[in-house]
>>> print(open('run-v6.pdb').read())   # PDB, C-alpha atoms
ATOM      1  CA  MET A   1       0.000   0.000   0.000
ATOM      2  CA  GLU A   2       3.050   2.160  -0.397
ATOM      3  CA  ASN A   3       1.884   4.070  -3.475
ATOM      4  CA  LEU A   4      -1.804   3.957  -4.296
ATOM      5  CA  ASN A   5      -1.779   6.732  -6.927
ATOM      6  CA  ALA A   6      -1.904   4.297  -9.863
ATOM      7  CA  TYR A   7      -4.851   2.488  -8.272
ATOM      8  CA  PHE A   8      -6.774   5.680  -7.523
ATOM      9  CA  LYS A   9      -6.145   7.025 -11.034
ATOM     10  CA  SER A  10      -7.374   3.744 -12.508
ATOM     11  CA  VAL A  11     -10.579   3.925 -10.449
ATOM     12  CA  ILE A  12     -11.279   7.455 -11.690
ATOM     13  CA  ASP A  13     -10.293   6.649 -15.284
ATOM     14  CA  GLN A  14     -12.729   3.712 -15.382
ATOM     15  CA  ASP A  15     -15.662   5.669 -13.948
ATOM     16  CA  THR A  16     -18.430   6.149 -16.509
ATOM     17  CA  ALA A  17     -19.392   9.481 -14.929
ATOM     18  CA  SER A  18     -17.459  12.646 -15.716
ATOM     19  CA  VAL A  19     -14.769  13.537 -13.186
ATOM     20  CA  VAL A  20     -13.188  16.984 -13.443
ATOM     21  CA  LEU A  21     -10.716  17.916 -10.704
ATOM     22  CA  CYS A  22      -9.998  21.580  -9.987
ATOM     23  CA  ASP A  23      -7.487  23.337  -7.743
ATOM     24  CA  LEU A  24      -8.409  26.265  -5.510
ATOM     25  CA  ASN A  25      -7.788  28.708  -8.369
ATOM     26  CA  HIS A  26     -10.524  26.852 -10.294
ATOM     27  CA  THR A  27      -7.968  25.518 -12.777
ATOM     28  CA  ILE A  28      -8.948  22.171 -14.276
ATOM     29  CA  VAL A  29      -6.072  19.870 -13.320
ATOM     30  CA  TYR A  30      -7.521  16.541 -14.489
ATOM     31  CA  MET A  31     -10.377  15.134 -16.539
ATOM     32  CA  ASN A  32     -11.139  11.430 -16.733
ATOM     33  CA  PRO A  33     -11.882   9.885 -20.166
ATOM     34  CA  ALA A  34     -15.654  10.130 -19.570
ATOM     35  CA  ALA A  35     -15.352  13.879 -18.915
ATOM     36  CA  ILE A  36     -13.158  14.383 -21.977
ATOM     37  CA  ARG A  37     -15.832  12.690 -24.116
ATOM     38  CA  ASN A  38     -18.717  14.446 -22.366
ATOM     39  CA  TYR A  39     -17.183  17.908 -22.774
ATOM     40  CA  ALA A  40     -15.717  17.305 -26.262
ATOM     41  CA  LYS A  41     -17.884  20.006 -27.871
ATOM     42  CA  HIS A  42     -16.465  22.492 -25.332
ATOM     43  CA  GLY A  43     -12.846  21.496 -25.945
ATOM     44  CA  GLY A  44     -12.459  18.104 -24.220
ATOM     45  CA  ALA A  45      -8.887  17.505 -23.030
ATOM     46  CA  ALA A  46      -7.924  21.032 -24.134
ATOM     47  CA  LEU A  47      -9.872  22.295 -21.094
ATOM     48  CA  ILE A  48      -7.165  20.906 -18.789
ATOM     49  CA  GLY A  49      -5.113  23.830 -17.516
ATOM     50  CA  ARG A  50      -7.946  26.298 -18.132
ATOM     51  CA  SER A  51     -10.253  27.902 -15.594
ATOM     52  CA  LEU A  52     -13.501  26.100 -14.859
ATOM     53  CA  LEU A  53     -15.040  29.526 -14.390
ATOM     54  CA  HIS A  54     -14.785  30.148 -18.147
ATOM     55  CA  CYS A  55     -17.249  27.269 -18.619
ATOM     56  CA  HIS A  56     -20.008  28.812 -16.489
ATOM     57  CA  ASN A  57     -22.062  31.986 -16.242
ATOM     58  CA  ALA A  58     -21.550  34.628 -13.555
ATOM     59  CA  SER A  59     -24.309  33.234 -11.322
ATOM     60  CA  SER A  60     -22.825  29.721 -11.417
ATOM     61  CA  ASN A  61     -19.331  31.080 -10.808
ATOM     62  CA  SER A  62     -20.593  32.896  -7.720
ATOM     63  CA  ARG A  63     -22.160  29.666  -6.423
ATOM     64  CA  ILE A  64     -18.978  27.683  -7.122
ATOM     65  CA  GLN A  65     -16.926  30.182  -5.112
ATOM     66  CA  GLU A  66     -19.521  30.165  -2.334
ATOM     67  CA  VAL A  67     -19.188  26.376  -2.041
ATOM     68  CA  VAL A  68     -15.374  26.507  -2.096
ATOM     69  CA  ASP A  69     -15.476  29.117   0.676
ATOM     70  CA  TRP A  70     -17.797  26.813   2.665
ATOM     71  CA  PHE A  71     -15.382  23.899   2.150
ATOM     72  CA  ALA A  72     -12.525  26.093   3.394
ATOM     73  CA  ALA A  73     -14.441  27.157   6.511
ATOM     74  CA  SER A  74     -14.332  23.697   8.118
ATOM     75  CA  PRO A  75     -12.744  20.300   7.498
ATOM     76  CA  GLU A  76     -16.221  18.900   8.246
ATOM     77  CA  HIS A  77     -17.607  20.583   5.093
ATOM     78  CA  ASN A  78     -16.879  18.081   2.334
ATOM     79  CA  ILE A  79     -19.882  17.506   0.101
ATOM     80  CA  ILE A  80     -22.878  19.552  -0.985
ATOM     81  CA  TYR A  81     -25.801  18.721  -3.257
ATOM     82  CA  THR A  82     -25.982  21.177  -6.168
ATOM     83  CA  TYR A  83     -28.763  19.989  -8.496
ATOM     84  CA  HIS A  84     -30.684  17.196 -10.181
ATOM     85  CA  ASN A  85     -30.285  16.752 -13.933
ATOM     86  CA  GLU A  86     -33.720  15.544 -15.012
ATOM     87  CA  LYS A  87     -32.667  14.669 -18.564
ATOM     88  CA  GLN A  88     -29.904  12.301 -17.397
ATOM     89  CA  ASN A  89     -31.676  11.374 -14.130
ATOM     90  CA  LYS A  90     -28.706  12.133 -11.957
ATOM     91  CA  ASP A  91     -27.934  14.077  -8.812
ATOM     92  CA  VAL A  92     -24.876  16.306  -8.829
ATOM     93  CA  TYR A  93     -22.689  17.236  -5.874
ATOM     94  CA  MET A  94     -19.554  19.306  -5.287
ATOM     95  CA  VAL A  95     -16.956  17.453  -3.228
ATOM     96  CA  ALA A  96     -13.958  18.873  -1.375
ATOM     97  CA  LEU A  97     -10.510  17.467  -2.126
ATOM     98  CA  ARG A  98      -8.199  17.487   0.892
ATOM     99  CA  ASP A  99      -4.587  16.444   1.454
ATOM    100  CA  ALA A 100      -3.458  14.000   4.164
ATOM    101  CA  ASP A 101      -3.547  16.808   6.755
ATOM    102  CA  GLY A 102      -7.132  17.751   5.857
ATOM    103  CA  THR A 103      -6.126  20.966   4.112
ATOM    104  CA  LEU A 104      -8.428  21.900   1.250
ATOM    105  CA  ILE A 105      -6.556  21.531  -2.058
ATOM    106  CA  GLY A 106      -9.405  21.591  -4.577
ATOM    107  CA  TYR A 107     -12.796  20.210  -5.492
ATOM    108  CA  TYR A 108     -14.693  18.135  -8.029
ATOM    109  CA  GLU A 109     -18.211  17.546  -9.225
ATOM    110  CA  LYS A 110     -19.705  14.132  -8.429
ATOM    111  CA  HIS A 111     -22.464  12.655 -10.591
ATOM    112  CA  GLU A 112     -24.761   9.951  -9.201
ATOM    113  CA  PHE A 113     -27.036   8.423 -11.806
ATOM    114  CA  ARG A 114     -30.453   7.276 -10.560
ATOM    115  CA  SER A 115     -31.567   5.201 -13.556
ATOM    116  CA  PRO A 116     -31.357   1.414 -13.157
ATOM    117  CA  GLU A 117     -28.510  -0.311 -14.994
ATOM    118  CA  THR A 118     -29.502  -1.663 -18.421
ATOM    119  CA  MET A 119     -26.403  -3.811 -18.961
ATOM    120  CA  GLU A 120     -26.916  -7.547 -18.559
ATOM    121  CA  ARG A 121     -25.480  -8.927 -15.334
ATOM    122  CA  TYR A 122     -22.102 -10.565 -15.828
ATOM    123  CA  ALA A 123     -22.257 -10.027 -19.611
ATOM    124  CA  PHE A 124     -18.763 -11.215 -20.459
TER     125      PHE A 124
END
>>> encode(input="run-v6.pdb", output="structure tokens")
Amino acid sequence: MENLNAYFKSVIDQDTASVVLCDLNHTIVYMNPAAIRNYAKHGGAALIGRSLLHCHNASSNSRIQEVVDWFAASPEHNIIYTYHNEKQNKDVYMVALRDADGTLIGYYEKHEFRSPETMERYAF
């Protein structure tokens, strides 16, 4: 268990939901393959290194900063529900990213789909 980075990256890379990690300056530092595909019409992988705030309107940007400030206010503040996407039947959350000491280092958006799986069980 010396270095779990490769394992954690593999978990995120295999997730079918978009994962976009941002630092505290709102810079996109990582996008998993699902996010790159999902945001292809907005630039896909070219969004890495750019500000997430350029992808949202002023009202959304204000809310994003409000949540980040809430995360920073307490190490107990780690997840907040942001909205339900009716079209894709999913709930969306913002989640704090913290280092080993509990210091806030960034955030990401978590998608939880509510529709039942349509894939056959154990379809090898």
>>> resolve_selection(input="run-v6.pdb", expression="the PyMOL selection byres ((chain A and resi 78) around 12)", output="MDAnalysis selection string")
chainID A and resid 67:77 79:81 93:98 102:110
>>> atom_distance(input="run-v6.pdb", atom1="CA of Ile48 (chain A)", atom2="CA of Arg114 (chain A)")
28.2 Å
>>> closest_residue(input="run-v6.pdb", among="A:Leu4, A:Leu47, A:Ala40, A:Ala58", to="Leu21 (chain A)", atoms="all atoms listed in the file")
A:Leu47
>>> atom_distance(input="run-v6.pdb", atom1="CA of Glu120 (chain A)", atom2="CA of His84 (chain A)")
26.4 Å
>>> resolve_selection(input="run-v6.pdb", expression="the PyMOL selection byres ((chain A and resi 46) around 12)", output="list in words")
Ile28, Val29, Tyr30, Met31, Ala35, Ile36, Arg37, Tyr39, Ala40, Lys41, His42, Gly43, Gly44, Ala45, Leu47, Ile48, Gly49, Arg50, Ser51 and Leu52 of chain A
>>> resolve_selection(input="run-v6.pdb", expression="the PyMOL selection byres ((chain A and resi 91) around 6)", output="PDB file with C-alpha atoms, keeping the file's coordinate frame")
ATOM      1  CA  TYR A  83     -28.763  19.989  -8.496  1.00  0.00           C
ATOM      2  CA  HIS A  84     -30.684  17.196 -10.181  1.00  0.00           C
ATOM      3  CA  LYS A  90     -28.706  12.133 -11.957  1.00  0.00           C
ATOM      4  CA  VAL A  92     -24.876  16.306  -8.829  1.00  0.00           C
ATOM      5  CA  HIS A 111     -22.464  12.655 -10.591  1.00  0.00           C
ATOM      6  CA  GLU A 112     -24.761   9.951  -9.201  1.00  0.00           C
TER       7      GLU A 112
END
>>> axis_aligned_box(input="run-v6.pdb", around="region 111-123 of chain A", padding_each_side="8 Å", output="lines of an AutoDock Vina configuration file")
center_x = -26.8
center_y = 1.0
center_z = -14.4
size_x = 25.5
size_y = 39.2
size_z = 26.4
>>> atom_distance(input="run-v6.pdb", atom1="CA of Arg63 (chain A)", atom2="CA of Thr82 (chain A)")
9.3 Å
